[in-house]
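Visitor: Provided herewith: start.cif, mmCIF, C-alpha atoms and all ligand atoms.
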data_protein
loop_
_atom_site.group_PDB
_atom_site.id
_atom_site.type_symbol
_atom_site.label_atom_id
_atom_site.label_comp_id
_atom_site.auth_asym_id
_atom_site.auth_seq_id
_atom_site.Cartn_x
_atom_site.Cartn_y
_atom_site.Cartn_z
ATOM 1 C CA MET E 1 0.000 0.000 0.000
ATOM 2 C CA LYS E 2 1.267 3.423 -0.914
ATOM 3 C CA ILE E 3 1.647 5.798 2.015
ATOM 4 C CA ASP E 4 0.164 9.252 1.368
ATOM 5 C CA TYR E 5 2.531 11.481 3.364
ATOM 6 C CA ALA E 6 0.732 14.657 2.346
ATOM 7 C CA LYS E 7 -2.526 13.350 3.755
ATOM 8 C CA ILE E 8 -0.882 12.240 7.027
ATOM 9 C CA ILE E 9 0.791 15.642 7.496
ATOM 10 C CA THR E 10 -2.446 17.515 6.770
ATOM 11 C CA ILE E 11 -4.369 15.416 9.284
ATOM 12 C CA GLY E 12 -1.539 15.794 11.813
ATOM 13 C CA VAL E 13 -1.572 19.592 11.510
ATOM 14 C CA ALA E 14 -5.364 19.694 11.777
ATOM 15 C CA VAL E 15 -5.269 17.628 14.975
ATOM 16 C CA MET E 16 -2.570 19.901 16.428
ATOM 17 C CA LEU E 17 -4.575 23.046 15.653
ATOM 18 C CA PHE E 18 -7.680 21.529 17.212
ATOM 19 C CA CYS E 19 -5.777 20.663 20.404
ATOM 20 C CA LEU E 20 -4.359 24.179 20.553
ATOM 21 C CA LEU E 21 -7.848 25.663 20.175
ATOM 22 C CA VAL E 22 -9.275 23.471 22.963
ATOM 23 C CA TYR E 23 -6.322 24.388 25.157
ATOM 24 C CA ARG E 24 -6.853 28.153 24.583
ATOM 25 C CA LEU E 25 -10.573 27.915 25.328
ATOM 26 C CA LYS E 26 -9.777 26.066 28.532
ATOM 27 C CA ILE E 27 -7.349 28.805 29.640
ATOM 28 C CA ASN E 28 -9.943 31.501 28.954
ATOM 29 C CA THR E 29 -12.660 29.852 31.001
ATOM 30 C CA ASN E 30 -10.272 29.057 33.844
ATOM 31 C CA ASN E 31 -8.996 32.612 34.067
ATOM 32 C CA PRO E 32 -11.282 34.664 36.350
ATOM 33 C CA THR E 33 -10.033 38.073 35.116
ATOM 34 C CA ASN E 34 -10.791 37.202 31.504
ATOM 35 C CA ALA E 35 -14.223 35.980 32.474
ATOM 36 C CA ALA E 36 -14.901 39.170 34.479
ATOM 37 C CA GLN E 37 -13.751 41.406 31.623
ATOM 38 C CA SER E 38 -16.091 39.814 29.164
ATOM 39 C CA THR E 39 -19.186 40.120 31.335
ATOM 40 C CA GLN E 40 -18.565 43.456 33.116
ATOM 41 C CA LEU E 41 -17.323 46.720 31.677
ATOM 42 C CA PRO E 42 -14.874 48.456 34.025
ATOM 43 C CA GLU E 43 -16.861 51.720 33.992
ATOM 44 C CA ASP E 44 -19.838 50.012 35.645
ATOM 45 C CA ALA E 45 -17.894 49.743 38.864
ATOM 46 C CA VAL E 46 -16.417 53.261 39.066
ATOM 47 C CA HIS E 47 -18.176 56.205 40.676
ATOM 48 C CA TYR E 48 -16.534 58.199 43.422
ATOM 49 C CA HIS E 49 -16.009 61.813 44.496
ATOM 50 C CA ALA E 50 -13.288 64.218 45.563
ATOM 51 C CA GLY E 51 -13.146 67.892 46.498
ATOM 52 C CA PHE E 52 -11.094 70.649 44.879
ATOM 53 C CA GLN E 53 -10.489 74.394 44.892
ATOM 54 C CA VAL E 54 -8.572 76.555 42.456
ATOM 55 C CA TYR E 55 -6.972 79.901 43.248
ATOM 56 C CA VAL E 56 -5.822 82.029 40.325
ATOM 57 C CA ASN E 57 -3.771 85.049 41.402
ATOM 58 C CA ASP E 58 -4.964 84.530 44.972
ATOM 59 C CA GLU E 59 -8.593 84.452 43.961
ATOM 60 C CA LEU E 60 -10.850 81.436 44.568
ATOM 61 C CA GLN E 61 -12.432 80.327 41.275
ATOM 62 C CA ASP E 62 -16.111 79.445 40.982
ATOM 63 C CA TYR E 63 -16.963 76.495 38.724
ATOM 64 C CA SER E 64 -20.589 76.152 39.803
ATOM 65 C CA GLY E 65 -21.949 77.758 36.610
ATOM 66 C CA ILE E 66 -24.016 75.730 34.162
ATOM 67 C CA GLU E 67 -21.204 75.899 31.577
ATOM 68 C CA PHE E 68 -19.054 73.688 33.812
ATOM 69 C CA MET E 69 -21.757 71.090 34.490
ATOM 70 C CA HIS E 70 -22.153 67.704 32.915
ATOM 71 C CA ILE E 71 -25.835 67.370 32.087
ATOM 72 C CA GLU E 72 -27.084 63.874 31.584
ATOM 73 C CA PRO E 73 -30.782 63.029 31.726
ATOM 74 C CA CYS E 74 -31.640 60.939 34.774
ATOM 75 C CA GLY E 75 -32.227 57.299 33.987
ATOM 76 C CA LEU E 76 -30.506 57.457 30.603
ATOM 77 C CA ASP E 77 -28.214 54.525 30.061
ATOM 78 C CA GLU E 78 -24.894 56.220 29.516
ATOM 79 C CA HIS E 79 -23.152 52.929 28.859
ATOM 80 C CA ASP E 80 -24.656 52.250 25.455
ATOM 81 C CA ASP E 81 -22.466 51.464 22.496
ATOM 82 C CA ASN E 82 -22.978 54.852 20.861
ATOM 83 C CA VAL E 83 -20.728 56.693 23.303
ATOM 84 C CA ASP E 84 -18.165 58.453 21.146
ATOM 85 C CA GLU E 85 -14.645 59.446 22.123
ATOM 86 C CA THR E 86 -15.581 62.928 23.383
ATOM 87 C CA ASN E 87 -18.267 61.497 25.613
ATOM 88 C CA GLU E 88 -15.852 58.874 26.812
ATOM 89 C CA GLN E 89 -13.359 61.576 27.876
ATOM 90 C CA ILE E 90 -16.104 63.567 29.626
ATOM 91 C CA GLU E 91 -17.279 60.473 31.491
ATOM 92 C CA ILE E 92 -13.868 60.136 33.176
ATOM 93 C CA ALA E 93 -14.303 63.134 35.510
ATOM 94 C CA HIS E 94 -16.883 65.923 35.599
ATOM 95 C CA LEU E 95 -19.152 68.146 37.704
ATOM 96 C CA HIS E 96 -22.850 67.762 38.536
ATOM 97 C CA ASP E 97 -25.772 69.488 40.246
ATOM 98 C CA GLY E 98 -24.367 73.025 40.172
ATOM 99 C CA ILE E 99 -21.645 72.028 42.632
ATOM 100 C CA GLY E 100 -18.332 73.460 41.463
ATOM 101 C CA ASP E 101 -15.953 71.965 44.011
ATOM 102 C CA VAL E 102 -16.740 68.231 43.992
ATOM 103 C CA VAL E 103 -15.618 66.099 41.062
ATOM 104 C CA HIS E 104 -17.486 62.955 40.016
ATOM 105 C CA VAL E 105 -15.190 60.236 38.717
ATOM 106 C CA HIS E 106 -16.734 57.514 36.532
ATOM 107 C CA ARG E 107 -13.697 55.768 35.062
ATOM 108 C CA PRO E 108 -10.625 54.049 36.473
ATOM 109 C CA GLY E 109 -7.290 55.870 36.236
ATOM 110 C CA ALA E 110 -8.728 59.404 36.326
ATOM 111 C CA VAL E 111 -6.214 62.221 36.918
ATOM 112 C CA TRP E 112 -6.906 65.869 37.832
ATOM 113 C CA GLY E 113 -5.953 66.906 34.300
ATOM 114 C CA ASP E 114 -9.004 64.976 33.029
ATOM 115 C CA LEU E 115 -11.334 67.196 35.063
ATOM 116 C CA PHE E 116 -9.776 70.503 33.993
ATOM 117 C CA ASN E 117 -9.601 69.344 30.393
ATOM 118 C CA ASN E 118 -13.310 68.452 30.522
ATOM 119 C CA ILE E 119 -14.406 71.773 32.043
ATOM 120 C CA ASN E 120 -12.104 73.695 29.670
ATOM 121 C CA VAL E 121 -9.991 75.262 32.374
ATOM 122 C CA VAL E 122 -6.400 76.162 31.503
ATOM 123 C CA PHE E 123 -4.137 77.608 34.179
ATOM 124 C CA PRO E 124 -2.468 80.853 33.111
ATOM 125 C CA SER E 125 0.717 80.339 35.109
ATOM 126 C CA PRO E 126 2.683 77.543 36.771
ATOM 127 C CA THR E 127 0.713 75.869 39.492
ATOM 128 C CA GLU E 128 1.395 74.710 42.991
ATOM 129 C CA ALA E 129 -0.890 72.080 44.440
ATOM 130 C CA TYR E 130 -1.838 70.404 47.676
ATOM 131 C CA VAL E 131 -3.718 67.163 48.185
ATOM 132 C CA ASN E 132 -5.027 66.608 51.713
ATOM 133 C CA GLY E 133 -2.647 69.291 52.935
ATOM 134 C CA GLU E 134 0.449 67.796 51.314
ATOM 135 C CA VAL E 135 2.374 69.408 48.451
ATOM 136 C CA VAL E 136 2.008 67.455 45.212
ATOM 137 C CA ASP E 137 4.099 67.913 42.054
ATOM 138 C CA ASN E 138 2.581 67.762 38.614
ATOM 139 C CA ILE E 139 -1.012 67.845 39.836
ATOM 140 C CA LEU E 140 -2.572 67.435 36.374
ATOM 141 C CA ASN E 141 -1.050 63.942 36.147
ATOM 142 C CA HIS E 142 -1.900 63.122 39.734
ATOM 143 C CA PRO E 143 -4.616 60.501 40.244
ATOM 144 C CA ILE E 144 -7.947 61.612 41.702
ATOM 145 C CA ASN E 145 -8.549 59.478 44.770
ATOM 146 C CA GLU E 146 -11.844 59.077 46.579
ATOM 147 C CA TYR E 147 -12.507 61.841 49.157
ATOM 148 C CA ASP E 148 -9.262 63.671 48.378
ATOM 149 C CA SER E 149 -9.363 67.414 48.997
ATOM 150 C CA MET E 150 -7.180 69.205 46.485
ATOM 151 C CA ILE E 151 -6.106 72.854 46.106
ATOM 152 C CA ILE E 152 -4.450 74.366 43.038
ATOM 153 C CA LEU E 153 -2.693 77.718 43.267
ATOM 154 C CA SER E 154 -1.908 79.398 39.970
ATOM 155 C CA GLY E 155 0.033 82.650 39.971
ATOM 156 C CA PRO E 156 1.109 84.658 43.018
ATOM 157 C CA HIS E 157 -0.669 83.866 46.272
ATOM 158 C CA THR E 158 -0.562 84.578 49.983
ATOM 159 C CA ASN E 159 -1.284 82.753 53.197
ATOM 160 C CA ILE E 160 -1.432 79.125 52.149
ATOM 161 C CA SER E 161 -2.298 77.839 55.627
ATOM 162 C CA GLU E 162 -5.504 79.886 55.620
ATOM 163 C CA LYS E 163 -6.426 78.351 52.248
ATOM 164 C CA LEU E 164 -5.676 74.854 53.484
ATOM 165 C CA ASP E 165 -7.961 75.492 56.464
ATOM 166 C CA ARG E 166 -10.777 76.360 54.055
ATOM 167 C CA ALA E 167 -10.218 73.367 51.763
ATOM 168 C CA VAL E 168 -13.229 71.269 50.745
ATOM 169 C CA THR E 169 -14.266 69.094 53.696
ATOM 170 C CA LEU E 170 -15.172 65.427 53.672
ATOM 171 C CA GLU E 171 -18.666 66.420 54.899
ATOM 172 C CA HIS E 172 -19.161 68.607 51.850
ATOM 173 C CA ILE E 173 -18.055 65.829 49.483
ATOM 174 C CA ILE E 174 -20.435 63.363 51.126
ATOM 175 C CA GLU E 175 -23.235 65.948 50.917
ATOM 176 C CA ALA E 176 -22.665 66.398 47.161
ATOM 177 C CA GLU E 177 -22.534 62.637 46.747
ATOM 178 C CA ALA E 178 -25.943 62.273 48.473
ATOM 179 C CA ILE E 179 -27.553 64.802 46.131
ATOM 180 C CA SER E 180 -26.485 62.947 43.010
ATOM 181 C CA GLU E 181 -27.370 59.532 44.358
ATOM 182 C CA THR E 182 -30.943 59.605 43.046
ATOM 183 C CA CYS E 183 -29.616 60.391 39.587
ATOM 184 C CA GLY E 184 -27.011 57.645 39.591
ATOM 185 C CA SER E 185 -24.558 60.204 38.307
HETATM 186 ZN ZN ZN L 201 -21.262 61.345 41.477
HETATM 187 ZN ZN ZN L 202 -21.612 61.800 36.275
#
Would you mind writing the file out in structure tokens?
Ligand SMILES: [Zn+2]
Ligand SMILES: [Zn+2]

Guide:
Amino acid sequence: MKIDYAKIITIGVAVMLFCLLVYRLKINTNNPTNAAQSTQLPEDAVHYHAGFQVYVNDELQDYSGIEFMHIEPCGLDEHDDNVDETNEQIEIAHLHDGIGDVVHVHRPGAVWGDLFNNINVVFPSPTEAYVNGEVVDNILNHPINEYDSMIILSGPHTNISEKLDRAVTLEHIIEAEAISETCGS
């Protein structure tokens, strides 16, 4: 009988590929992080708050105006597939409810620069910043952490200890959080 090497090799390769496929599927189902990623989007889990104040040339800035607010209709599913890139950036960190000193964070990895980018605030001169009373370098790349109280000073300023005393309090952040709870925002 004539041995058909081509046929044997083809079958051999097919069997190998099949085994590889089964092996990969097995890894995927055994890996809990992969399984979690496929069923749950990371943004579903993220929603926290932090306080902030900005002084430009020694003057406290007011971001409570409507132009700084993120308006999203209550009950609207913001996680639908039509969210474009601009919306995605805005979802990272924004303001709600006419409260200009508490940021709402809806995505992992948010930094303070995301907030100021989203509310179109550019600092005219080099900034100095404090988070929970401690000096922080490069604030715009600094992560926003839950219940942080941050102060940015841009331009000349006086009496920093007085400003730190008047920083956003935890009570105020929790109050703002309670207001937005009904809206899920
Ligand atoms: Zn919120
Ligand atoms: Zn929101």

Visitor: Compute the set of protein, DNA and RNA residues whose minimum atom distance to ligand ZN 201 (chain L) is at most 9 Å, using all atoms listed in the file, and state it as a VMD selection string.

Guide: chain E and resid 47 to 49 94 to 96 102 to 106 176 to 181 183 to 185

Visitor: Please expand the PyMOL selection byres (((chain E and resi 171) around 12) and not hetatm) into the concrete residues it hits in this file, giving the result as a ChimeraX atom specification.

Guide: /E:49-51,102,147-149,167-170,172-178

Visitor: Once the PyMOL selection byres (((chain E and resi 130) around 10) and not hetatm) has been applied to the shown file, what residues remain in the selection, as a ChimeraX atom specification?

Guide: /E:52-53,128-129,131-137,139,149-153,160,164,167

Visitor: Which one of E:Asp4, E:Asp84, E:Asp165, E:Glu91 sits closest to ligand ZN 202 (chain L) if you count all atoms listed in the file?

Guide: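 Using all atoms listed in the file, the shortest distance to ligand ZN 202 (chain L) belongs to E:Glu91.
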
Visitor: I want to know what sits within 7 Å of E:His142, based on all atoms listed in the file, with residues of the same chain fewer than 3 positions away left out; could you give that as a PyMOL selection string?

Guide: chain E and resi 111-112+138-139

Visitor: Any idea what's packed within 7 Å of E:Asn57, counting all atoms listed in the file, ignoring anything in its chain fewer than 4 positions away? Could you give it as a list in words?

Guide: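 The residues that qualify are Ser154, Gly155, Pro156 and His157 of chain E.
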
Visitor: Could you check which of E:Ala93, E:Ala14, E:Val56, E:Ile66 is closest to ligand ZN 202 (chain L), using only C-alpha atoms and all ligand atoms?

Guide: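 Checking each candidate against ligand ZN 202 (chain L), we get E:Ala93 as the closest.
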